[in-house]
Structures are given as C-alpha cells and as structure tokens.
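Engineer: Next comes the structure file target38.csv, holding CSV, C-alpha atoms.
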```
chain,number,residue,atom,x,y,z
A,212,TYR,CA,-66.2,67.4,-259.8
A,213,ASN,CA,-69.8,66.5,-260.5
A,214,TYR,CA,-68.9,64.8,-263.8
A,215,PHE,CA,-66.6,62.3,-262.2
A,216,TRP,CA,-68.8,61.9,-259.1
A,217,GLN,CA,-71.7,60.9,-261.3
A,218,LYS,CA,-69.7,58.6,-263.5
A,219,MET,CA,-68.1,56.8,-260.7
A,220,THR,CA,-71.3,56.5,-258.6
A,221,ALA,CA,-73.1,55.1,-261.6
A,222,GLU,CA,-70.3,52.6,-262.3
A,223,GLY,CA,-70.0,51.7,-258.6
A,224,ALA,CA,-66.6,50.1,-259.1
A,225,PHE,CA,-64.6,52.1,-256.6
A,226,SER,CA,-63.6,50.5,-253.3
A,227,GLY,CA,-61.8,53.6,-252.0
A,228,ASP,CA,-62.9,57.0,-250.8
A,229,LEU,CA,-64.9,58.6,-253.6
A,230,LYS,CA,-64.5,62.1,-252.3
A,231,ALA,CA,-60.7,61.7,-252.2
A,232,ILE,CA,-60.7,60.1,-255.6
A,233,VAL,CA,-62.7,62.8,-257.3
A,234,SER,CA,-60.9,65.6,-255.5
A,235,ALA,CA,-57.6,64.1,-256.7
A,236,ILE,CA,-58.8,64.0,-260.3
A,237,VAL,CA,-59.9,67.7,-260.2
A,238,GLY,CA,-56.8,68.8,-258.3
A,239,ASN,CA,-54.7,67.0,-261.0
A,240,LEU,CA,-56.6,68.8,-263.8
A,241,GLN,CA,-56.1,72.1,-262.1
A,242,GLY,CA,-52.4,71.4,-261.8
A,243,GLU,CA,-52.2,70.6,-265.5
A,244,SER,CA,-54.5,73.3,-267.0
A,245,GLY,CA,-55.1,75.9,-264.4
A,246,ASN,CA,-57.5,76.4,-261.5
A,247,ASN,CA,-60.4,76.9,-263.9
A,248,ILE,CA,-59.5,73.7,-265.8
A,249,ASN,CA,-59.0,75.4,-269.1
A,250,PRO,CA,-59.8,73.2,-272.1
A,251,GLN,CA,-57.7,75.5,-274.3
A,252,ALA,CA,-54.6,75.1,-272.1
A,253,TYR,CA,-51.4,74.8,-274.1
A,254,ASN,CA,-47.8,74.0,-273.1
A,255,PRO,CA,-45.3,74.3,-276.0
A,256,ASN,CA,-42.6,72.3,-274.3
A,257,ASP,CA,-43.9,69.4,-272.1
A,258,LYS,CA,-40.9,67.0,-271.9
A,259,GLY,CA,-39.8,68.2,-275.3
A,260,GLN,CA,-43.3,68.0,-277.0
A,261,PRO,CA,-46.3,70.3,-277.1
A,262,SER,CA,-49.2,69.4,-274.9
A,263,TYR,CA,-52.9,70.4,-275.0
A,264,GLY,CA,-56.1,70.6,-273.0
A,265,ILE,CA,-57.3,69.8,-269.5
A,266,ALA,CA,-54.9,66.8,-269.1
A,267,GLN,CA,-52.1,68.3,-271.2
A,268,TRP,CA,-52.3,65.5,-273.7
A,269,ARG,CA,-48.9,65.4,-275.4
A,270,ALA,CA,-48.3,65.2,-279.1
A,271,GLY,CA,-45.1,63.8,-280.6
A,272,ARG,CA,-43.3,60.6,-279.5
A,273,TYR,CA,-45.9,59.3,-277.0
A,274,ASP,CA,-48.9,60.8,-278.7
A,275,ARG,CA,-52.1,60.9,-276.7
A,276,TYR,CA,-53.2,64.1,-278.4
A,277,THR,CA,-54.2,62.5,-281.7
A,278,PRO,CA,-56.5,59.9,-280.1
A,279,LEU,CA,-58.2,62.8,-278.2
A,280,LEU,CA,-58.9,64.6,-281.5
A,281,LYS,CA,-60.0,61.4,-283.2
A,282,PHE,CA,-62.3,60.6,-280.3
A,283,CYS,CA,-63.9,64.0,-280.7
A,284,GLY,CA,-64.3,63.6,-284.4
A,285,ILE,CA,-61.5,66.0,-285.4
A,286,ASN,CA,-59.1,64.7,-288.1
A,287,SER,CA,-56.5,67.5,-288.0
A,288,GLN,CA,-54.0,68.8,-285.5
A,289,VAL,CA,-56.1,71.7,-284.1
A,290,LYS,CA,-54.6,74.1,-281.7
A,291,PRO,CA,-56.0,76.5,-279.1
A,292,PRO,CA,-58.5,78.2,-279.2
A,293,ASN,CA,-60.1,75.4,-281.2
A,294,LEU,CA,-59.5,72.4,-279.0
A,295,PRO,CA,-62.5,70.3,-278.1
A,296,PRO,CA,-64.8,71.6,-275.4
A,297,LEU,CA,-64.5,70.6,-271.8
A,298,GLU,CA,-67.3,68.0,-271.9
A,299,LYS,CA,-65.6,66.2,-274.8
A,300,GLN,CA,-62.2,66.3,-273.1
A,301,LEU,CA,-63.8,64.9,-269.9
A,302,ASP,CA,-65.4,62.1,-272.0
A,303,PHE,CA,-62.1,61.3,-273.6
A,304,MET,CA,-60.4,61.1,-270.2
A,305,TRP,CA,-63.1,58.8,-268.9
A,306,HIS,CA,-62.6,56.7,-272.1
A,307,GLU,CA,-58.9,56.5,-271.5
A,308,LEU,CA,-59.4,55.5,-267.9
A,309,HIS,CA,-61.4,52.5,-269.1
A,310,THR,CA,-59.2,51.5,-272.0
A,311,THR,CA,-55.5,52.5,-272.4
A,312,GLU,CA,-55.2,53.8,-268.8
A,313,LYS,CA,-57.1,51.0,-267.0
A,314,SER,CA,-54.2,50.1,-264.7
A,315,ALA,CA,-54.0,53.8,-263.6
A,316,TYR,CA,-57.8,53.8,-263.1
A,317,ASN,CA,-57.6,50.6,-260.9
A,318,LYS,CA,-55.0,52.3,-258.7
A,319,LEU,CA,-57.2,55.3,-258.4
A,320,LEU,CA,-60.3,53.3,-257.6
A,321,ALA,CA,-58.6,51.6,-254.7
A,322,SER,CA,-57.4,54.8,-253.1
A,323,THR,CA,-58.5,55.2,-249.5
A,324,THR,CA,-56.6,58.4,-248.8
A,325,LEU,CA,-56.3,61.7,-250.6
A,326,GLN,CA,-52.5,61.1,-250.9
A,327,ASP,CA,-53.0,57.7,-252.5
A,328,ALA,CA,-55.7,59.1,-254.9
A,329,VAL,CA,-53.3,61.9,-256.0
A,330,ALA,CA,-50.6,59.3,-256.7
A,331,GLY,CA,-53.3,57.2,-258.5
A,332,ILE,CA,-54.2,59.9,-260.9
A,333,ILE,CA,-50.5,60.7,-261.5
A,334,TYR,CA,-50.2,57.1,-262.9
A,335,PHE,CA,-52.7,58.4,-265.6
A,336,GLU,CA,-51.0,61.8,-266.0
A,337,ARG,CA,-47.3,60.8,-265.8
A,338,ASP,CA,-46.1,64.1,-264.6
A,339,ASP,CA,-42.6,64.9,-263.3
A,340,SER,CA,-43.3,62.9,-260.1
A,341,TYR,CA,-43.9,59.7,-262.1
A,342,LYS,CA,-40.5,58.0,-262.0
A,343,LYS,CA,-38.9,54.6,-262.7
A,344,ILE,CA,-37.1,53.2,-259.7
A,345,GLY,CA,-35.3,50.0,-260.6
A,346,ASN,CA,-37.8,48.2,-262.9
A,347,THR,CA,-40.9,49.7,-261.3
A,348,TRP,CA,-42.7,52.9,-262.2
A,349,THR,CA,-43.8,54.8,-259.1
A,350,VAL,CA,-44.9,58.2,-257.9
A,351,ASP,CA,-42.3,60.2,-256.0
A,352,ARG,CA,-44.4,61.9,-253.2
A,353,THR,CA,-41.5,64.2,-252.4
A,354,ALA,CA,-41.6,65.8,-255.9
A,355,SER,CA,-42.9,69.3,-256.3
A,356,SER,CA,-45.5,68.3,-258.9
A,357,TYR,CA,-47.0,65.7,-256.6
A,358,LYS,CA,-47.1,68.2,-253.7
A,359,LYS,CA,-48.7,70.9,-255.9
A,360,LYS,CA,-51.4,68.5,-257.0
A,361,LEU,CA,-52.0,67.3,-253.5
A,362,GLU,CA,-52.4,70.9,-252.3
A,363,LYS,CA,-55.0,71.5,-255.0
A,364,ALA,CA,-56.8,68.2,-254.2
A,365,ARG,CA,-56.9,69.2,-250.5
A,366,ALA,CA,-58.5,72.5,-251.4
A,367,ILE,CA,-61.1,70.7,-253.5
A,368,PHE,CA,-61.7,68.0,-250.8
A,369,THR,CA,-62.4,70.6,-248.1
A,370,SER,CA,-64.4,73.0,-250.3
A,371,THR,CA,-66.4,71.0,-252.8
A,372,SER,CA,-69.0,68.3,-252.7
A,373,PHE,CA,-71.4,66.7,-255.2
A,374,ASN,CA,-74.3,69.0,-255.7
A,375,GLY,CA,-76.6,66.7,-257.7
A,376,SER,CA,-76.3,68.8,-260.9
A,377,SER,CA,-76.3,67.2,-264.3
A,378,SER,CA,-72.9,67.2,-266.1
A,379,SER,CA,-74.5,68.5,-269.3
A,380,GLY,CA,-73.8,72.0,-270.5
A,381,SER,CA,-71.0,73.6,-268.6
A,382,PRO,CA,-70.1,70.9,-266.1
A,383,SER,CA,-68.3,71.4,-262.9
A,384,SER,CA,-65.1,69.4,-263.6
```
As structure tokens, how would this structure be written, given the file I've shared?
Structural biologist:
Amino acid sequence: YNYFWQKMTAEGAFSGDLKAIVSAIVGNLQGESGNNINPQAYNPNDKGQPSYGIAQWRAGRYDRYTPLLKFCGINSQVKPPNLPPLEKQLDFMWHELHTTEKSAYNKLLASTTLQDAVAGIIYFERDDSYKKIGNTWTVDRTASSYKKKLEKARAIFTSTSFNGSSSSGSPSS
C-alpha cells in the first residue's frame, strides 16, 4: 500500500481517488498471489501457461514473465522459491504501468470509485473478468474474479491507510 501511495503521490498524475486506486492495486495483488502478496506465488496452469509472482506474470505465448526476470537482472527461467523479491516485483509492475501497460495505468489514474479502480487494474492484470465484447476489451463486473478483487479492495480501503513509512526493506504492498 505504502509503495504505491508514495509513487503515485510523488508523480502526482492521478485525477481520481488515490485511496481507491491504491486499494484496488493491493486487492488485485492479493487476488493474484494471496492475502500476504506472496512474491513466490506460482500457478502451473494460468490460461494454459504457468504464471509467477505477485501479479502472476505468465510465461508462454504472451510472455510477461521473461521481461520481469530481465528487469531484475536474471537471465534464466527461475522458479519459486527463487523468484525476485517483493520490492523488485513492485518496481517491475511500476515500470510496466509506465511503459507497456500505460493505457491500463491511465484508466486506473482516472478512477473516482473503488469499483472503477478495480476495473482499471484488471486492464493491467487481464484476469478472467477481462473480456472482448464486439471489438472492445472491457471488464465484466459480474464475473467472479472481479467481485473477488473488489471484495479484497474494499477490505483494504476500510482498514488501511498510508502510514508514512519508507518502501525500502519489507514494504507494505
């Protein structure tokens, strides 16, 4: 929570509700890698491919896992328990939000409600609620994955706030 709060506050680019945005990010990461946001999380079959880490970066056809490793200075296909530490994965996610996932980031930054912020981060994550309707990709807010992440984001929103801590060491997500 503190990591993204500090980054977004320093950047000052958001026009939406910062608490909703950060809560949605953390709720999404909990939905992907567990309530403790486990950097060693592993799913052997994520849409037919293995996925790794806090954001369940997928290997295989739409590889976002190899860029994570490269960003962290790792040249081989490492597996848990040797994945990059939490801070490195957060840094890579921040990097993606500013490069290859900029359009998702822009949706997130404009979010004025928790519901919109959860949908915004799903544009980054592309979970099962991310669907193509006609020629447009959208987030199905009736899908169980969206509802699960919204529930987690609500819990974060009501129980967590920025505490002014540095993000170094063992950051709060």
Engineer: Which is closer to Trp268 (chain A) than all the others in A:Lys363, A:Arg337, A:Lys218, A:His306, using all atoms listed in the file?
Structural biologist: A:Arg337
Engineer: Just how far from CA of Thr311 (chain A) is CA of Val289 (chain A), in Å to one decimal?
Structural biologist: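 Taking CA of Val289 (chain A) and CA of Thr311 (chain A), their separation equals 22.5 Å.
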Engineer: Please measure the separation of CA of Ala221 (chain A) and CA of Ser372 (chain A), giving the value in Å to one decimal.
Structural biologist: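 Taking CA of Ala221 (chain A) and CA of Ser372 (chain A), their separation equals 16.4 Å.
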Engineer: What is the CA of Lys230 (chain A) to CA of Asp351 (chain A) distance in Å?
Structural biologist: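 Computing it gives 22.6 Å between the two atoms.
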Engineer: Got a sec: who's within 8 Å of Ser226 (chain A), counting all atoms listed in the file, leaving out chain neighbours fewer than 3 positions off, as a PDB file with C-alpha atoms, keeping the file's coordinate frame?
Structural biologist:
```
ATOM      1  CA  LEU A 320     -60.300  53.300-257.600  1.00  0.00           C
ATOM      2  CA  ALA A 321     -58.600  51.600-254.700  1.00  0.00           C
ATOM      3  CA  SER A 322     -57.400  54.800-253.100  1.00  0.00           C
ATOM      4  CA  THR A 323     -58.500  55.200-249.500  1.00  0.00           C
TER       5      THR A 323
END
```
Engineer: Considering only C-alpha atoms, state which residue in the set A:Val329, A:Ile344, A:Ile248, A:Ile265 is at the smallest distance from Leu361 (chain A).
Structural biologist: A:Val329
